[in-house]
Structures are given as structure tokens and as C-alpha cells.
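Student: Below is the file start-v1.csv, with CSV, N, CA, C and O atoms.
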```csv
chain,number,residue,atom,x,y,z
A,28,MET,N,-37.5,-54.7,13.4
A,28,MET,CA,-37.0,-54.6,12.0
A,28,MET,C,-37.9,-53.6,11.3
A,28,MET,O,-39.1,-53.7,11.4
A,29,GLN,N,-37.3,-52.8,10.5
A,29,GLN,CA,-38.0,-51.8,9.8
A,29,GLN,C,-38.2,-52.2,8.3
A,29,GLN,O,-37.2,-52.6,7.7
A,30,THR,N,-39.4,-52.1,7.8
A,30,THR,CA,-39.6,-52.4,6.3
A,30,THR,C,-39.6,-51.1,5.6
A,30,THR,O,-40.4,-50.2,5.9
A,31,LEU,N,-38.7,-51.0,4.6
A,31,LEU,CA,-38.7,-49.8,3.8
A,31,LEU,C,-39.4,-50.0,2.5
A,31,LEU,O,-39.1,-50.9,1.7
A,32,GLU,N,-40.5,-49.2,2.3
A,32,GLU,CA,-41.3,-49.3,1.1
A,32,GLU,C,-41.3,-47.9,0.4
A,32,GLU,O,-41.3,-46.9,1.1
A,33,ALA,N,-41.3,-47.9,-0.9
A,33,ALA,CA,-41.3,-46.7,-1.7
A,33,ALA,C,-41.9,-46.9,-3.0
A,33,ALA,O,-42.0,-48.0,-3.5
A,34,THR,N,-42.5,-45.8,-3.5
A,34,THR,CA,-43.0,-45.8,-4.9
A,34,THR,C,-42.1,-44.9,-5.7
A,34,THR,O,-41.3,-44.1,-5.2
A,35,ALA,N,-42.2,-45.0,-7.0
A,35,ALA,CA,-41.4,-44.1,-7.9
A,35,ALA,C,-41.8,-42.7,-7.6
A,35,ALA,O,-40.9,-41.8,-7.6
A,36,GLU,N,-43.0,-42.4,-7.3
A,36,GLU,CA,-43.4,-41.0,-7.0
A,36,GLU,C,-42.8,-40.5,-5.8
A,36,GLU,O,-42.3,-39.4,-5.7
A,37,LEU,N,-42.7,-41.3,-4.7
A,37,LEU,CA,-42.1,-40.9,-3.5
A,37,LEU,C,-40.6,-40.7,-3.7
A,37,LEU,O,-40.1,-39.7,-3.2
A,38,VAL,N,-39.9,-41.6,-4.3
A,38,VAL,CA,-38.5,-41.4,-4.6
A,38,VAL,C,-38.2,-40.2,-5.4
A,38,VAL,O,-37.3,-39.4,-5.1
A,39,SER,N,-39.1,-39.9,-6.4
A,39,SER,CA,-39.0,-38.7,-7.2
A,39,SER,C,-39.1,-37.4,-6.4
A,39,SER,O,-38.3,-36.5,-6.5
A,40,LYS,N,-40.1,-37.4,-5.5
A,40,LYS,CA,-40.3,-36.2,-4.6
A,40,LYS,C,-39.1,-36.0,-3.6
A,40,LYS,O,-38.7,-34.9,-3.4
A,41,GLU,N,-38.7,-37.1,-3.1
A,41,GLU,CA,-37.6,-37.0,-2.0
A,41,GLU,C,-36.2,-36.7,-2.6
A,41,GLU,O,-35.4,-36.1,-1.9
A,42,THR,N,-36.0,-37.1,-3.9
A,42,THR,CA,-34.6,-36.9,-4.4
A,42,THR,C,-34.6,-35.7,-5.5
A,42,THR,O,-33.5,-35.3,-5.8
A,43,GLY,N,-35.7,-35.3,-6.0
A,43,GLY,CA,-35.7,-34.3,-7.0
A,43,GLY,C,-35.5,-34.8,-8.4
A,43,GLY,O,-35.3,-34.0,-9.3
A,44,ILE,N,-35.5,-36.1,-8.6
A,44,ILE,CA,-35.4,-36.6,-10.0
A,44,ILE,C,-36.8,-36.9,-10.5
A,44,ILE,O,-37.8,-36.9,-9.8
A,45,SER,N,-36.9,-37.1,-11.8
A,45,SER,CA,-38.2,-37.4,-12.5
A,45,SER,C,-38.7,-38.7,-12.1
A,45,SER,O,-37.9,-39.6,-11.7
A,46,ARG,N,-40.0,-38.9,-12.2
A,46,ARG,CA,-40.6,-40.2,-11.9
A,46,ARG,C,-40.1,-41.3,-12.8
A,46,ARG,O,-39.8,-42.4,-12.3
A,47,SER,N,-39.8,-41.0,-14.0
A,47,SER,CA,-39.3,-42.0,-14.9
A,47,SER,C,-37.9,-42.5,-14.6
A,47,SER,O,-37.6,-43.6,-14.6
A,48,THR,N,-37.1,-41.5,-14.1
A,48,THR,CA,-35.7,-41.8,-13.7
A,48,THR,C,-35.8,-42.7,-12.4
A,48,THR,O,-35.1,-43.7,-12.3
A,49,ALA,N,-36.6,-42.3,-11.5
A,49,ALA,CA,-36.8,-43.0,-10.3
A,49,ALA,C,-37.3,-44.5,-10.6
A,49,ALA,O,-36.7,-45.4,-10.0
A,50,ARG,N,-38.2,-44.6,-11.5
A,50,ARG,CA,-38.7,-45.9,-11.9
A,50,ARG,C,-37.6,-46.8,-12.5
A,50,ARG,O,-37.5,-48.0,-12.2
A,51,ARG,N,-36.7,-46.2,-13.3
A,51,ARG,CA,-35.6,-46.9,-13.9
A,51,ARG,C,-34.6,-47.4,-12.8
A,51,ARG,O,-34.2,-48.6,-12.9
A,52,TYR,N,-34.3,-46.5,-11.9
A,52,TYR,CA,-33.4,-47.0,-10.8
A,52,TYR,C,-34.0,-48.0,-9.9
A,52,TYR,O,-33.3,-49.0,-9.5
A,53,LEU,N,-35.3,-47.9,-9.6
A,53,LEU,CA,-36.0,-48.9,-8.8
A,53,LEU,C,-36.0,-50.3,-9.6
A,53,LEU,O,-35.8,-51.3,-9.0
A,54,ALA,N,-36.3,-50.2,-10.9
A,54,ALA,CA,-36.3,-51.4,-11.7
A,54,ALA,C,-34.9,-52.1,-11.7
A,54,ALA,O,-34.8,-53.3,-11.7
A,55,TYR,N,-33.9,-51.3,-11.7
A,55,TYR,CA,-32.5,-51.8,-11.7
A,55,TYR,C,-32.3,-52.5,-10.4
A,55,TYR,O,-31.7,-53.6,-10.4
A,56,LEU,N,-32.7,-51.9,-9.3
A,56,LEU,CA,-32.5,-52.6,-8.0
A,56,LEU,C,-33.3,-53.9,-7.9
A,56,LEU,O,-32.8,-54.9,-7.3
A,57,VAL,N,-34.4,-54.0,-8.5
A,57,VAL,CA,-35.1,-55.3,-8.6
A,57,VAL,C,-34.4,-56.3,-9.5
A,57,VAL,O,-34.2,-57.4,-9.1
A,58,ALA,N,-33.8,-55.8,-10.6
A,58,ALA,CA,-33.1,-56.7,-11.5
A,58,ALA,C,-31.8,-57.3,-10.9
A,58,ALA,O,-31.5,-58.4,-11.1
A,59,ILE,N,-31.2,-56.5,-10.0
A,59,ILE,CA,-30.0,-57.1,-9.4
A,59,ILE,C,-30.2,-57.7,-8.0
A,59,ILE,O,-29.3,-58.1,-7.3
A,60,GLY,N,-31.5,-57.8,-7.7
A,60,GLY,CA,-31.9,-58.5,-6.4
A,60,GLY,C,-31.8,-57.7,-5.2
A,60,GLY,O,-31.9,-58.3,-4.1
A,61,GLU,N,-31.7,-56.4,-5.3
A,61,GLU,CA,-31.6,-55.6,-4.1
A,61,GLU,C,-33.0,-55.2,-3.5
A,61,GLU,O,-33.1,-54.7,-2.4
A,62,ALA,N,-34.0,-55.3,-4.4
A,62,ALA,CA,-35.3,-54.9,-4.0
A,62,ALA,C,-36.3,-55.8,-4.7
A,62,ALA,O,-36.0,-56.6,-5.6
A,63,VAL,N,-37.6,-55.8,-4.2
A,63,VAL,CA,-38.7,-56.5,-4.8
A,63,VAL,C,-39.8,-55.6,-5.1
A,63,VAL,O,-39.9,-54.5,-4.4
A,64,ALA,N,-40.6,-55.8,-6.1
A,64,ALA,CA,-41.7,-54.9,-6.4
A,64,ALA,C,-43.0,-55.7,-6.3
A,64,ALA,O,-43.1,-56.9,-6.7
A,65,ASP,N,-44.0,-55.1,-5.7
A,65,ASP,CA,-45.4,-55.6,-5.6
A,65,ASP,C,-46.3,-54.6,-6.2
A,65,ASP,O,-46.0,-53.4,-6.2
A,66,LEU,N,-47.5,-55.0,-6.6
A,66,LEU,CA,-48.5,-54.1,-7.1
A,66,LEU,C,-49.5,-53.8,-5.9
A,66,LEU,O,-49.9,-54.7,-5.2
A,67,SER,N,-49.8,-52.5,-5.8
A,67,SER,CA,-50.8,-52.1,-4.8
A,67,SER,C,-52.0,-51.5,-5.5
A,67,SER,O,-51.9,-50.6,-6.3
A,68,TYR,N,-53.1,-52.2,-5.3
A,68,TYR,CA,-54.4,-51.8,-6.0
A,68,TYR,C,-55.1,-50.8,-5.1
A,68,TYR,O,-55.5,-51.1,-4.0
A,69,GLY,N,-55.4,-49.6,-5.7
A,69,GLY,CA,-56.2,-48.7,-5.0
A,69,GLY,C,-57.7,-48.9,-5.4
A,69,GLY,O,-58.1,-49.9,-5.9
A,70,VAL,N,-58.5,-47.9,-5.0
A,70,VAL,CA,-59.9,-48.0,-5.3
A,70,VAL,C,-60.2,-47.8,-6.8
A,70,VAL,O,-60.9,-48.6,-7.4
A,71,VAL,N,-59.6,-46.8,-7.4
A,71,VAL,CA,-59.7,-46.6,-8.9
A,71,VAL,C,-58.4,-46.3,-9.5
A,71,VAL,O,-57.4,-46.0,-8.8
A,72,GLY,N,-58.3,-46.4,-10.8
A,72,GLY,CA,-57.0,-46.1,-11.5
A,72,GLY,C,-56.1,-47.3,-11.6
A,72,GLY,O,-56.4,-48.4,-11.2
A,73,ARG,N,-54.9,-47.0,-12.1
A,73,ARG,CA,-53.9,-48.0,-12.3
A,73,ARG,C,-53.3,-48.5,-10.9
A,73,ARG,O,-53.2,-47.7,-10.0
A,74,PRO,N,-52.9,-49.8,-10.9
A,74,PRO,CA,-52.2,-50.2,-9.7
A,74,PRO,C,-50.8,-49.5,-9.6
A,74,PRO,O,-50.3,-49.1,-10.7
A,75,GLU,N,-50.3,-49.4,-8.4
A,75,GLU,CA,-49.0,-48.7,-8.2
A,75,GLU,C,-48.0,-49.7,-7.8
A,75,GLU,O,-48.3,-50.6,-7.0
A,76,ARG,N,-46.8,-49.6,-8.3
A,76,ARG,CA,-45.7,-50.5,-7.9
A,76,ARG,C,-45.1,-50.0,-6.6
A,76,ARG,O,-44.8,-48.8,-6.5
A,77,VAL,N,-45.1,-50.9,-5.6
A,77,VAL,CA,-44.4,-50.6,-4.3
A,77,VAL,C,-43.2,-51.4,-4.2
A,77,VAL,O,-43.2,-52.6,-4.4
A,78,TYR,N,-42.1,-50.7,-4.0
A,78,TYR,CA,-40.8,-51.4,-3.9
A,78,TYR,C,-40.3,-51.6,-2.5
A,78,TYR,O,-40.5,-50.6,-1.7
A,79,ARG,N,-39.7,-52.7,-2.2
A,79,ARG,CA,-39.2,-53.0,-0.8
A,79,ARG,C,-37.8,-53.5,-1.0
A,79,ARG,O,-37.5,-54.3,-1.9
A,80,MET,N,-36.9,-53.0,-0.1
A,80,MET,CA,-35.5,-53.4,-0.1
A,80,MET,C,-35.5,-54.8,0.4
A,80,MET,O,-36.2,-55.2,1.3
A,81,VAL,N,-34.6,-55.6,-0.1
A,81,VAL,CA,-34.4,-57.0,0.3
A,81,VAL,C,-33.4,-57.0,1.5
A,81,VAL,O,-32.3,-56.4,1.4
A,82,SER,N,-33.8,-57.7,2.6
A,82,SER,CA,-32.8,-57.7,3.7
A,82,SER,C,-32.3,-59.1,3.9
A,82,SER,O,-32.9,-60.1,3.4
A,83,GLY,N,-31.2,-59.3,4.5
A,83,GLY,CA,-30.7,-60.6,4.8
A,83,GLY,C,-30.1,-61.3,3.6
A,83,GLY,O,-30.2,-62.4,3.3
A,84,ARG,N,-29.3,-60.5,2.8
A,84,ARG,CA,-28.6,-61.0,1.6
A,84,ARG,C,-27.6,-62.1,2.0
A,84,ARG,O,-27.0,-62.0,3.1
A,85,LYS,N,-27.4,-63.1,1.2
A,85,LYS,CA,-26.5,-64.2,1.5
A,85,LYS,C,-25.0,-63.8,1.4
A,85,LYS,O,-24.2,-64.5,1.9
A,86,ASP,N,-24.7,-62.7,0.7
A,86,ASP,CA,-23.3,-62.4,0.5
A,86,ASP,C,-22.7,-61.6,1.6
A,86,ASP,O,-21.6,-61.1,1.6
A,87,GLY,N,-23.5,-61.3,2.7
A,87,GLY,CA,-23.1,-60.6,3.9
A,87,GLY,C,-23.1,-59.1,3.8
A,87,GLY,O,-22.8,-58.4,4.7
A,88,ASN,N,-23.6,-58.5,2.7
A,88,ASN,CA,-23.8,-57.1,2.6
A,88,ASN,C,-25.1,-56.6,3.0
A,88,ASN,O,-26.1,-57.2,2.9
```
Take the structure in this file and express it as C-alpha cells.
Tutor:
Amino acid sequence: MQTLEATAELVSKETGISRSTARRYLAYLVAIGEAVADLSYGVVGRPERVYRMVSGRKDGN
């Protein structure tokens, strides 16, 4: 099983959209239950949100 993790910065770079747009789409996926967000604390600076897709949904999709 493969775990897909992404940050807004990674999505931004891979798709060519702005980080704020990537963040909005990722937040939407969390709101509809398609993804979960966790905080990743580095050595210094702000923590970064790491998004993971939810697998094994009950509706069969």
C-alpha cells in the first residue's frame, strides 16, 4: 500500500498553481473527507501541513 503525502508547496510546484490556491484545494479535500492534514514540525520556523489522501472510503469510491 502506498501512502500519498503532499504539502501545498509540493502541489504548487508540480501543478504550476500558486501555493495559496494549492492550500485552498487541499483544505477543500480535507473538508469533504478525501484527505487528512497533519502538522510536521521542523527544526526551526513554522510547522508545515502535510496532507494525506484517505483510503478505504465507505461509499466504495
Student: Write out as a compact mmCIF listing (two decimals) with N, CA, C and O atoms, in the coordinates of the input the residues lying within 4.5 Å of A:Leu31, counting all atoms listed in the file and excluding same-chain residues fewer than 2 positions away.
Tutor:
```
# COMPACT_ATOMS: atom_id res chain seq x y z
N GLN A 29 -37.30 -52.80 10.50
CA GLN A 29 -38.00 -51.80 9.80
C GLN A 29 -38.20 -52.20 8.30
O GLN A 29 -37.20 -52.60 7.70
N ALA A 33 -41.30 -47.90 -0.90
CA ALA A 33 -41.30 -46.70 -1.70
C ALA A 33 -41.90 -46.90 -3.00
O ALA A 33 -42.00 -48.00 -3.50
N TYR A 78 -42.10 -50.70 -4.00
CA TYR A 78 -40.80 -51.40 -3.90
C TYR A 78 -40.30 -51.60 -2.50
O TYR A 78 -40.50 -50.60 -1.70
N ARG A 79 -39.70 -52.70 -2.20
CA ARG A 79 -39.20 -53.00 -0.80
C ARG A 79 -37.80 -53.50 -1.00
O ARG A 79 -37.50 -54.30 -1.90
N MET A 80 -36.90 -53.00 -0.10
CA MET A 80 -35.50 -53.40 -0.10
C MET A 80 -35.50 -54.80 0.40
O MET A 80 -36.20 -55.20 1.30
```
Student: Rounded to one decimal, what separation in Å do you get between atom O of A:Ala35 and atom N of A:Tyr55?
Tutor: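 According to the coordinates, atom O of A:Ala35 and atom N of A:Tyr55 are separated by 12.5 Å.
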Student: Ranking A:Ser67, A:Tyr52, A:Arg76, A:Ala58 by minimum distance to A:Thr34 and counting all atoms listed in the file, which one comes first?
Tutor: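 Smallest separation from A:Thr34 among the options: A:Arg76.
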Student: Could you tell me how far atom CA of A:Gly69 lies from atom O of A:Thr42, in Å and to one decimal?
Tutor: 26.4 Å
Student: For atom CA of A:Leu53 and atom CA of A:Glu75, quote the distance in Å rounded to one decimal.
Tutor: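 Atom-to-atom, atom CA of A:Leu53 to atom CA of A:Glu75, that is 13.0 Å.
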